[in-house]
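**Student:** Got target_34.txt for you, compact mmCIF, C-alpha atoms and all ligand atoms:
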# COMPACT_ATOMS: atom_id res chain seq x y z
CA MET A 1 -38.99 69.92 31.46
CA ASP A 2 -40.66 69.44 34.81
CA LEU A 3 -44.12 68.13 34.18
CA ARG A 4 -45.15 68.63 37.80
CA LYS A 5 -45.99 72.30 37.54
CA ARG A 6 -49.76 72.13 37.78
CA THR A 7 -51.58 68.80 38.00
CA TRP A 8 -50.04 65.49 37.00
CA ALA A 9 -50.57 61.74 37.17
CA GLU A 10 -47.74 59.65 38.55
CA ILE A 11 -47.71 56.26 36.90
CA SER A 12 -45.79 53.30 38.25
CA LEU A 13 -44.88 50.92 35.44
CA ASP A 14 -43.22 48.71 38.05
CA ASN A 15 -46.62 48.26 39.65
CA ILE A 16 -48.14 47.45 36.25
CA GLU A 17 -45.48 44.78 35.84
CA HIS A 18 -46.07 43.53 39.38
CA ASN A 19 -49.78 43.21 38.64
CA TYR A 20 -49.05 41.47 35.33
CA ARG A 21 -46.79 38.93 37.04
CA THR A 22 -49.25 38.41 39.90
CA ILE A 23 -52.19 37.75 37.56
CA ARG A 24 -50.02 35.57 35.34
CA ALA A 25 -48.85 33.44 38.28
CA ALA A 26 -52.47 32.51 39.04
CA LEU A 27 -53.22 31.35 35.47
CA PRO A 28 -53.18 27.76 34.30
CA GLU A 29 -49.98 26.58 32.61
CA GLY A 30 -49.78 27.68 28.98
CA CYS A 31 -52.59 30.23 29.18
CA LYS A 32 -51.77 33.35 27.18
CA PHE A 33 -52.12 36.87 28.56
CA LEU A 34 -53.81 39.66 26.63
CA GLY A 35 -53.44 43.06 28.28
CA VAL A 36 -56.33 45.41 27.60
CA VAL A 37 -54.83 48.85 26.88
CA LYS A 38 -57.84 50.57 25.32
CA ALA A 39 -58.68 54.15 26.36
CA ASP A 40 -54.97 54.97 26.66
CA ALA A 41 -54.48 52.01 28.99
CA TYR A 42 -57.30 53.18 31.26
CA GLY A 43 -55.60 56.57 31.43
CA HIS A 44 -52.12 55.21 32.26
CA GLY A 45 -50.61 55.78 28.81
CA ALA A 46 -51.05 53.00 26.25
CA VAL A 47 -47.58 53.20 24.71
CA ALA A 48 -45.69 53.10 28.01
CA VAL A 49 -47.88 50.33 29.43
CA SER A 50 -47.67 48.29 26.22
CA ARG A 51 -43.88 48.58 26.07
CA ARG A 52 -43.65 47.31 29.62
CA LEU A 53 -46.04 44.41 28.95
CA GLU A 54 -44.18 43.50 25.77
CA ALA A 55 -40.87 43.43 27.65
CA ALA A 56 -42.43 41.40 30.47
CA GLY A 57 -43.67 38.72 28.09
CA ALA A 58 -47.38 39.29 27.57
CA GLU A 59 -48.63 37.66 24.36
CA TYR A 60 -51.34 40.01 23.13
CA LEU A 61 -52.76 43.52 23.51
CA ALA A 62 -56.27 44.81 22.90
CA VAL A 63 -57.52 48.27 22.04
CA SER A 64 -60.92 49.57 21.08
CA CYS A 65 -60.25 51.05 17.65
CA LEU A 66 -57.85 51.43 14.74
CA ASP A 67 -56.44 54.78 15.89
CA GLU A 68 -55.47 53.29 19.25
CA ALA A 69 -53.82 50.35 17.50
CA ALA A 70 -51.99 52.67 15.07
CA GLU A 71 -50.58 54.64 18.00
CA LEU A 72 -49.00 51.45 19.35
CA ARG A 73 -47.56 50.45 15.98
CA ASP A 74 -46.20 53.97 15.38
CA ALA A 75 -44.43 53.69 18.74
CA GLY A 76 -42.76 50.47 17.63
CA ILE A 77 -44.89 47.93 19.51
CA LYS A 78 -44.53 44.67 17.58
CA MET A 79 -46.73 42.25 19.50
CA PRO A 80 -50.17 41.12 18.28
CA VAL A 81 -52.90 43.73 18.80
CA LEU A 82 -56.61 42.90 18.75
CA ILE A 83 -59.13 45.63 17.91
CA LEU A 84 -62.21 44.95 20.04
CA GLY A 85 -64.55 47.40 18.31
CA HIS A 86 -65.70 48.13 14.80
CA THR A 87 -63.42 49.20 11.96
CA PRO A 88 -65.08 50.26 8.68
CA ALA A 89 -64.18 47.92 5.80
CA GLU A 90 -62.44 50.71 3.86
CA PHE A 91 -59.64 50.52 6.46
CA VAL A 92 -58.84 46.86 5.81
CA PRO A 93 -55.66 47.83 3.90
CA GLU A 94 -54.40 49.66 7.00
CA LEU A 95 -55.33 46.73 9.26
CA ILE A 96 -53.31 44.41 7.07
CA ALA A 97 -50.39 46.79 6.55
CA ARG A 98 -50.09 47.29 10.31
CA ASP A 99 -50.47 43.57 11.04
CA LEU A 100 -53.51 44.07 13.31
CA THR A 101 -56.17 41.58 14.36
CA GLN A 102 -59.74 42.73 13.77
CA THR A 103 -62.82 41.54 15.63
CA VAL A 104 -65.61 40.23 13.39
CA THR A 105 -69.05 40.68 14.88
CA CYS A 106 -71.44 39.58 12.16
CA GLU A 107 -71.60 37.81 8.82
CA ALA A 108 -72.06 40.98 6.75
CA LYS A 109 -68.85 42.48 8.08
CA ALA A 110 -66.97 39.24 7.49
CA ILE A 111 -68.01 39.33 3.83
CA GLU A 112 -67.03 43.00 3.47
CA TYR A 113 -63.67 42.52 5.18
CA SER A 114 -62.85 39.51 3.04
CA ARG A 115 -63.79 41.36 -0.14
CA GLU A 116 -61.48 44.25 0.75
CA ALA A 117 -58.66 41.90 1.73
CA ALA A 118 -59.09 40.02 -1.57
CA ARG A 119 -58.34 43.22 -3.47
CA LEU A 120 -54.96 43.31 -1.76
CA GLY A 121 -54.44 39.60 -2.16
CA SER A 122 -53.52 39.09 1.49
CA PRO A 123 -55.67 37.76 4.32
CA LEU A 124 -56.94 39.74 7.30
CA ARG A 125 -56.39 38.07 10.68
CA VAL A 126 -59.61 38.10 12.71
CA HIS A 127 -61.17 36.97 15.96
CA ILE A 128 -64.85 36.03 15.95
CA LYS A 129 -66.92 37.74 18.64
CA VAL A 130 -69.78 35.68 20.05
CA ASP A 131 -72.65 37.33 21.92
CA THR A 132 -73.54 34.91 24.72
CA GLY A 133 -75.56 37.30 26.85
CA MET A 134 -73.98 40.75 26.87
CA SER A 135 -76.29 41.85 24.03
CA ARG A 136 -73.67 44.21 22.67
CA LEU A 137 -71.34 43.17 19.83
CA GLY A 138 -71.10 39.72 18.35
CA PHE A 139 -72.93 36.86 16.66
CA LEU A 140 -76.15 36.22 18.61
CA THR A 141 -76.25 32.67 19.95
CA ALA A 142 -78.52 32.75 23.01
CA GLY A 143 -81.74 30.72 23.05
CA GLY A 144 -83.47 30.57 19.67
CA HIS A 145 -80.55 32.35 18.00
CA PHE A 146 -78.21 29.37 18.35
CA ASP A 147 -78.58 27.55 15.02
CA GLN A 148 -78.62 30.70 12.93
CA GLY A 149 -75.68 32.03 14.96
CA ILE A 150 -73.61 28.93 14.17
CA ARG A 151 -74.47 29.13 10.47
CA ASN A 152 -73.42 32.78 10.38
CA ILE A 153 -70.13 32.13 12.17
CA VAL A 154 -69.35 29.26 9.80
CA SER A 155 -70.06 31.53 6.86
CA ALA A 156 -67.75 34.20 8.34
CA CYS A 157 -64.95 31.71 8.93
CA VAL A 158 -64.96 30.32 5.41
CA GLN A 159 -64.59 33.71 3.76
CA PRO A 160 -61.54 33.24 1.52
CA PHE A 161 -59.49 36.23 2.69
CA LEU A 162 -60.10 36.00 6.41
CA GLU A 163 -57.77 34.15 8.73
CA PRO A 164 -59.83 33.28 11.83
CA GLU A 165 -57.16 32.93 14.50
CA GLY A 166 -59.39 33.32 17.54
CA ILE A 167 -62.90 33.41 18.96
CA TYR A 168 -64.16 35.14 22.07
CA THR A 169 -67.09 36.26 24.16
CA HIS A 170 -67.52 38.83 26.91
CA PHE A 171 -69.10 38.42 30.35
CA ALA A 172 -71.70 40.89 31.56
CA VAL A 173 -71.73 40.26 35.32
CA SER A 174 -68.56 38.31 36.17
CA ASP A 175 -67.55 41.05 38.63
CA GLU A 176 -70.91 41.11 40.44
CA PRO A 177 -71.46 39.24 43.69
CA GLY A 178 -74.30 36.81 44.29
CA GLU A 179 -75.75 33.56 43.04
CA GLU A 180 -77.73 35.15 40.22
CA ALA A 181 -74.59 36.67 38.70
CA ARG A 182 -72.77 33.35 39.14
CA ALA A 183 -75.51 31.45 37.34
CA TYR A 184 -75.59 34.02 34.53
CA THR A 185 -71.82 33.97 34.02
CA LEU A 186 -71.60 30.18 34.06
CA GLY A 187 -74.53 30.15 31.64
CA GLN A 188 -72.62 32.43 29.27
CA PHE A 189 -69.54 30.21 29.55
CA ASP A 190 -71.61 27.08 28.96
CA LEU A 191 -73.17 28.63 25.86
CA PHE A 192 -69.74 29.65 24.56
CA THR A 193 -68.53 26.07 25.06
CA HIS A 194 -71.55 24.79 23.13
CA VAL A 195 -70.85 27.23 20.31
CA LEU A 196 -67.27 25.95 20.12
CA GLY A 197 -68.54 22.36 20.08
CA ALA A 198 -71.03 23.05 17.30
CA LEU A 199 -68.36 24.81 15.23
CA GLU A 200 -65.95 21.93 15.73
CA LYS A 201 -68.58 19.60 14.28
CA GLU A 202 -68.50 21.82 11.19
CA GLY A 203 -64.73 21.42 11.11
CA ILE A 204 -64.02 24.89 12.44
CA THR A 205 -61.53 25.29 15.25
CA PHE A 206 -59.53 28.20 16.61
CA LYS A 207 -56.02 28.58 17.96
CA ILE A 208 -57.05 31.12 20.61
CA ARG A 209 -60.35 30.83 22.49
CA HIS A 210 -60.81 33.51 25.15
CA CYS A 211 -63.45 34.99 27.39
CA ALA A 212 -62.11 35.97 30.83
CA ASN A 213 -62.18 39.69 31.68
CA SER A 214 -60.95 40.87 35.09
CA GLY A 215 -64.05 39.66 36.93
CA ALA A 216 -63.69 36.19 35.46
CA VAL A 217 -59.94 35.98 36.07
CA VAL A 218 -60.67 36.53 39.75
CA ASN A 219 -63.96 34.70 40.20
CA TYR A 220 -64.11 32.04 37.46
CA LYS A 221 -60.70 30.50 36.95
CA GLU A 222 -62.29 27.69 34.94
CA THR A 223 -62.97 30.16 32.12
CA ALA A 224 -59.29 30.90 31.36
CA MET A 225 -59.20 28.73 28.17
CA ASP A 226 -56.31 29.67 25.81
CA MET A 227 -55.99 33.32 26.87
CA VAL A 228 -57.31 35.76 29.47
CA ARG A 229 -58.22 39.35 28.77
CA PRO A 230 -57.95 41.49 31.91
CA GLY A 231 -57.95 45.27 31.94
CA LEU A 232 -58.79 46.67 35.36
CA LEU A 233 -56.72 44.07 37.25
CA LEU A 234 -53.64 45.21 35.40
CA TYR A 235 -54.15 48.69 36.81
CA GLY A 236 -54.52 47.38 40.34
CA PHE A 237 -58.25 47.01 41.00
CA GLY A 238 -61.05 44.51 40.78
CA ASP A 239 -59.60 41.71 42.91
CA GLY A 240 -61.18 42.84 46.17
CA GLY A 241 -57.68 42.86 47.66
CA ARG A 242 -57.33 39.09 47.22
CA LEU A 243 -54.40 39.03 44.79
CA GLY A 244 -52.36 41.82 46.36
CA LEU A 245 -52.44 44.03 43.28
CA ARG A 246 -51.03 47.54 43.42
CA PRO A 247 -52.60 50.78 42.15
CA CYS A 248 -50.53 52.30 39.35
CA MET A 249 -51.80 55.86 39.12
CA ARG A 250 -51.54 58.67 41.65
CA LEU A 251 -53.31 61.87 40.58
CA MET A 252 -51.50 64.83 42.11
CA THR A 253 -51.80 68.58 42.30
CA HIS A 254 -50.68 71.31 44.68
CA VAL A 255 -52.05 74.37 46.47
CA SER A 256 -51.81 77.36 44.15
CA THR A 257 -53.50 80.02 46.27
CA ILE A 258 -54.62 80.39 49.88
CA LYS A 259 -56.90 83.07 51.20
CA TYR A 260 -58.94 83.78 54.27
CA ILE A 261 -62.65 84.12 53.66
CA ASP A 262 -65.11 85.55 56.16
CA ARG A 263 -67.96 83.50 57.56
CA GLY A 264 -71.18 83.55 55.51
CA LEU A 265 -69.68 83.91 52.01
CA PRO A 266 -70.76 81.68 49.12
CA VAL A 267 -68.01 79.73 47.35
CA SER A 268 -67.72 79.04 43.59
CA TYR A 269 -70.38 78.90 40.85
CA GLY A 270 -73.92 78.76 42.10
CA GLY A 271 -72.88 79.52 45.67
CA THR A 272 -73.69 75.96 46.69
CA PHE A 273 -71.37 76.15 49.69
CA VAL A 274 -71.47 78.98 52.21
CA THR A 275 -68.65 79.29 54.72
CA GLY A 276 -69.86 78.51 58.22
CA ARG A 277 -66.76 80.07 59.78
CA ARG A 278 -63.83 82.22 58.83
CA THR A 279 -62.14 79.84 56.42
CA ARG A 280 -58.61 79.32 55.21
CA MET A 281 -59.47 78.34 51.66
CA GLY A 282 -57.02 76.72 49.26
CA VAL A 283 -57.42 76.84 45.49
CA ILE A 284 -56.08 73.80 43.63
CA PRO A 285 -55.53 73.78 39.85
CA ILE A 286 -57.62 70.75 38.97
CA GLY A 287 -61.15 70.77 37.60
CA TYR A 288 -63.50 68.77 35.47
CA ALA A 289 -61.46 69.49 32.33
CA ASP A 290 -58.69 67.49 34.00
CA GLY A 291 -61.10 64.65 34.76
CA LEU A 292 -62.22 65.59 38.25
CA LEU A 293 -65.93 64.90 37.92
CA ARG A 294 -68.14 67.88 38.74
CA SER A 295 -70.58 65.50 40.41
CA LEU A 296 -68.04 65.19 43.25
CA SER A 297 -68.61 68.84 44.19
CA ASN A 298 -69.07 69.30 47.96
CA ASN A 299 -68.87 65.52 48.33
CA CYS A 300 -65.22 64.58 48.62
CA SER A 301 -61.93 65.43 50.22
CA PHE A 302 -58.35 65.20 49.02
CA ALA A 303 -55.30 63.99 50.85
CA THR A 304 -52.75 66.45 52.21
CA GLY A 305 -49.62 65.61 54.17
CA SER A 306 -51.60 66.27 57.36
CA GLY A 307 -54.91 64.60 56.57
CA PRO A 308 -57.92 65.02 54.30
CA ALA A 309 -59.00 68.49 53.14
CA PRO A 310 -62.74 68.79 52.37
CA GLN A 311 -63.59 70.06 48.89
CA ARG A 312 -65.90 73.13 48.93
CA GLY A 313 -68.25 74.60 46.33
CA ARG A 314 -68.73 73.50 42.73
CA ILE A 315 -65.75 71.99 40.99
CA CYS A 316 -64.96 74.35 38.09
CA MET A 317 -63.44 73.53 34.71
CA ASP A 318 -59.84 74.20 35.75
CA MET A 319 -59.80 74.47 39.54
CA CYS A 320 -61.63 73.94 42.77
CA MET A 321 -61.44 74.90 46.42
CA ILE A 322 -60.47 72.97 49.53
CA ASP A 323 -60.86 73.89 53.19
CA LEU A 324 -57.49 74.16 54.90
CA THR A 325 -58.69 75.81 58.12
CA ASP A 326 -57.94 72.74 60.21
CA LEU A 327 -54.73 71.95 58.32
CA PRO A 328 -52.43 74.87 59.14
CA GLU A 329 -49.33 72.92 58.05
CA VAL A 330 -50.62 72.80 54.48
CA ASN A 331 -49.22 75.74 52.60
CA LEU A 332 -48.70 77.18 49.16
CA GLU A 333 -47.12 74.53 46.94
CA SER A 334 -48.02 71.73 49.36
CA LEU A 335 -48.81 68.53 47.47
CA ILE A 336 -52.41 67.35 47.26
CA GLU A 337 -53.32 63.80 46.28
CA ILE A 338 -56.65 63.52 44.50
CA PHE A 339 -56.47 59.73 44.51
CA GLY A 340 -53.80 57.06 44.57
CA GLU A 341 -52.34 56.08 47.92
CA ALA A 342 -53.95 57.92 50.83
CA GLN A 343 -57.32 57.82 49.06
CA SER A 344 -58.06 54.99 46.66
CA VAL A 345 -59.69 55.71 43.33
CA GLU A 346 -62.28 53.10 44.29
CA ASP A 347 -63.39 55.19 47.28
CA LEU A 348 -63.51 58.38 45.25
CA ALA A 349 -65.44 56.58 42.49
CA ALA A 350 -67.97 55.32 45.01
CA ARG A 351 -68.51 58.92 46.18
CA ALA A 352 -69.16 59.95 42.58
CA GLY A 353 -71.60 57.07 42.12
CA THR A 354 -69.37 55.47 39.52
CA ILE A 355 -66.62 52.89 39.09
CA PRO A 356 -62.82 53.26 39.15
CA TYR A 357 -62.72 52.63 35.37
CA GLU A 358 -64.50 55.93 34.75
CA LEU A 359 -62.32 58.05 37.04
CA LEU A 360 -59.11 56.54 35.65
CA CYS A 361 -59.97 57.07 32.01
CA SER A 362 -61.44 60.52 32.71
CA VAL A 363 -57.99 61.91 33.54
CA SER A 364 -57.67 64.13 30.50
CA LYS A 365 -54.85 64.67 28.07
CA ARG A 366 -54.04 68.01 29.68
CA VAL A 367 -52.70 66.09 32.68
CA PRO A 368 -49.12 64.98 32.01
CA ARG A 369 -48.28 61.39 32.88
CA VAL A 370 -45.09 61.22 34.89
CA TYR A 371 -43.52 57.75 34.94
CA VAL A 372 -41.93 57.15 38.31
C1 LIG B 1 -62.73 46.30 28.23
C2 LIG B 1 -62.79 44.88 27.87
C3 LIG B 1 -62.10 43.92 28.62
C4 LIG B 1 -61.40 44.24 29.92
O1 LIG B 1 -62.36 44.45 30.93
P1 LIG B 1 -61.93 44.56 32.45
O2 LIG B 1 -63.20 44.53 33.19
O3 LIG B 1 -61.22 45.86 32.59
O4 LIG B 1 -61.04 43.41 32.72
C5 LIG B 1 -62.09 42.61 28.16
N1 LIG B 1 -62.75 42.28 27.03
C6 LIG B 1 -63.45 43.17 26.30
C7 LIG B 1 -64.17 42.72 25.08
C8 LIG B 1 -63.50 44.50 26.69
O5 LIG B 1 -64.21 45.38 25.98
What does this structure look like when you write it as structure tokens?
**Tutor:**
Amino acid sequence: MDLRKRTWAEISLDNIEHNYRTIRAALPEGCKFLGVVKADAYGHGAVAVSRRLEAAGAEYLAVSCLDEAAELRDAGIKMPVLILGHTPAEFVPELIARDLTQTVTCEAKAIEYSREAARLGSPLRVHIKVDTGMSRLGFLTAGGHFDQGIRNIVSACVQPFLEPEGIYTHFAVSDEPGEEARAYTLGQFDLFTHVLGALEKEGITFKIRHCANSGAVVNYKETAMDMVRPGLLLYGFGDGGRLGLRPCMRLMTHVSTIKYIDRGLPVSYGGTFVTGRRTRMGVIPIGYADGLLRSLSNNCSFATGSGPAPQRGRICMDMCMIDLTDLPEVNLESLIEIFGEAQSVEDLAARAGTIPYELLCSVSKRVPRVYV
């Protein structure tokens, strides 16, 4: 079946592997590589990306929730998988049966998880999440929280049916420029190091200590520790061009209809664009239900074989319009690139006032992924 009949995303697994090898080559000897494949591998297809990473030699994967992890196991992925987010304790049997690694973010959950695992008589493998300044998930350790934080982590680690294999923290501003961000990130790393030191004094050590997301892999090599945890870099962005990474997704559509519209006619819902000339208008079958953000309406253009075509009027659920008046070579069925090669997803994201992460994982499930 040809998947390229409407709108599709071309995914290059070779580029994923290239990015993996490029990031890996810059890591210290012996440092493990965890590929973050949450949110369907940032829209690229978690199963396909994970298979490629597994074959290429990555040591670990991470997803956000149990359902994402189950999808990988159902597809036959055997490598270790860390769940970064919360899983309710009633699902501990499934975590154990599927050989998954669960993040533990507080003492109460550690106790619950251990109690559930005890009923099965087999331990649950966990990584301890330390909050060093993101103020999201994890044991609080900043400032006055330090001593209590250490006591709570110790209590979590000595639960009889937990197997604490790893410990990690997450940086809030490692991808931001400037001295303030640098000081904050190094402060988080310093605190994490102190937490590890205090735990060691209590006799608690971990096989895998990790903290580096994409920003830190690029900007703070000293934070690599036992494993790095990049997501965005794997998909080709976030290195400011320094590593030579390659984009892996090209979002494509084609011209489905062309018509000539007189000057002075409003276009699409709300009539927010009015033709200033007789216009050769193309309709393309991609809209916000495919992941093309409506906020880009009247504020972007898409690549044709002969140059950029300005987008006109509100982006609808399933389609939108582009001005082809100055692009007479573009015809019915001509290919249109929304982002990928001629226009980077970073540029389009900037136009939408967002980040490439959001555009990549907005590409909806209606859009077939075509592995090229
Ligand atoms: C999403 C996520 C990552 C990967 O972040 P990138 O910025 O894409 O590298 C790493 N660690 C945690 C805990 C995450 O939630």
**Student:** When distances are computed from all atoms listed in the file, which of A:Asp262, A:Asp190, A:Asp131, A:Asp147 shows the smallest separation from ligand LIG 1 (chain B)?
**Tutor:**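 Residue with the minimum atom-to-atom distance to ligand LIG 1 (chain B): A:Asp131.
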**Student:** Extract, using all atoms listed in the file, all DNA, RNA and protein residues at most 10 Å from A:Asp239, discarding same-chain residues fewer than 2 positions from it, and format them as JSON, numbers by chain.
**Tutor:** {"A": [23, 175, 214, 215, 217, 218, 219, 232, 233, 236, 237, 241, 242, 243, 244, 245]}
**Student:** Can you work out the spacing between atom CA of A:Gly231 and atom CA of A:Leu162 in Å, to one decimal?
**Tutor:**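 Between these atoms lies a distance of 27.2 Å.
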**Student:** Using all atoms listed in the file, find each protein or nucleic acid residue lying at most 8 Å from ligand LIG 1 (chain B); present the set as a PyMOL selection string.
**Tutor:** chain A and resi 36+38+64+84-85+169-170+175+211-215+229-233+238+357
**Student:** Around the point (-64.2, 56.9, 43.5) (coordinates from the file), which residues reach within 10 Å if we count only C-alpha atoms? Answer as a count of residues only.
**Tutor:** 22
**Student:** With distances taken over all atoms listed in the file, which of A:Ser297, A:Ser174, A:Thr7, A:Gln159 is nearest to A:Tyr269?
**Tutor:**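 Ranking A:Ser297, A:Ser174, A:Thr7, A:Gln159 by distance to A:Tyr269, first place goes to A:Ser297.
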**Student:** Fewer than 3 positions away in the same chain doesn't count, so skip those; otherwise give me all residues within 7 Å of A:Tyr235, counting all atoms listed in the file, as a list in words.
**Tutor:**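 Here the qualifying residues turn out to be Ile16, Leu232, Pro247 and Cys248 of chain A.
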**Student:** Would you tabulate, counting all atoms listed in the file, all residues of stretch 95-138 of chain A that have an atom at most 12 Å from an atom of stretch 196-203 of chain A, showing the closest pair of atoms and their distance in Å to one decimal, sorted by chain then ascending number, as JSON lines?
**Tutor:**
{"residue": "A:Ile128", "atom": "CA", "partner": "A:Leu196", "partner_atom": "CA", "distance": 11.2}
{"residue": "A:Lys129", "atom": "CA", "partner": "A:Leu196", "partner_atom": "CA", "distance": 11.9}
{"residue": "A:Val130", "atom": "CA", "partner": "A:Leu196", "partner_atom": "CA", "distance": 10.0}
{"residue": "A:Thr132", "atom": "CA", "partner": "A:Leu196", "partner_atom": "CA", "distance": 11.9}
**Student:** Convert the current residue selection to file output with C-alpha atoms, as a PDB file, in the frame of the given file.
**Tutor:**
ATOM      1  CA  ILE A 128     -64.850  36.030  15.950  1.00  0.00           C
ATOM      2  CA  LYS A 129     -66.920  37.740  18.640  1.00  0.00           C
ATOM      3  CA  VAL A 130     -69.780  35.680  20.050  1.00  0.00           C
ATOM      4  CA  THR A 132     -73.540  34.910  24.720  1.00  0.00           C
TER       5      THR A 132
END
**Student:** Using only C-alpha atoms, find the one residue out of A:Ala25, A:Ile77, A:Ala181, A:Met319 that sits nearest to A:Ala48.
**Tutor:**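 Of all the options, A:Ile77 lies closest to A:Ala48.
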**Student:** What is the atom CA of A:Phe33 to atom CA of A:Pro80 distance in Å?
**Tutor:**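 Taking atom CA of A:Phe33 and atom CA of A:Pro80, their separation equals 11.3 Å.
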**Student:** Quick one: residues within 12 Å of (-70.9, 38.5, 11.2) (file frame), counting all atoms listed in the file, please, as JSON, numbers by chain.
**Tutor:** {"A": [86, 103, 104, 105, 106, 107, 108, 109, 110, 111, 112, 113, 114, 126, 127, 128, 129, 130, 131, 137, 138, 139, 140, 141, 148, 149, 150, 151, 152, 153, 154, 155, 156, 157, 158, 159]}
**Student:** Find the residues around A:Val81 up to 8 Å (only C-alpha atoms counted), leave out those fewer than 4 positions away in its own chain, and share them as a PDB file with C-alpha atoms, keeping the file's coordinate frame.
**Tutor:**
ATOM      1  CA  TYR A  60     -51.340  40.010  23.130  1.00  0.00           C
ATOM      2  CA  LEU A  61     -52.760  43.520  23.510  1.00  0.00           C
ATOM      3  CA  ALA A  62     -56.270  44.810  22.900  1.00  0.00           C
ATOM      4  CA  VAL A  63     -57.520  48.270  22.040  1.00  0.00           C
ATOM      5  CA  ALA A  69     -53.820  50.350  17.500  1.00  0.00           C
ATOM      6  CA  LEU A 100     -53.510  44.070  13.310  1.00  0.00           C
ATOM      7  CA  THR A 101     -56.170  41.580  14.360  1.00  0.00           C
TER       8      THR A 101
END
**Student:** Atom CA of A:Ser306 to atom CA of A:Leu332: how many Å, to one decimal?
**Tutor:**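 So the answer is 14.0 Å.
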**Student:** Within 8 Å of A:Val363, counting all atoms listed in the file, which residues qualify if same-chain residues fewer than 2 places away don't, as a list in words?
**Tutor:**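 The contact residues come out as Gly43, Asp290, Gly291, Leu292, Leu359, Leu360, Cys361, Lys365 and Val367 of chain A.
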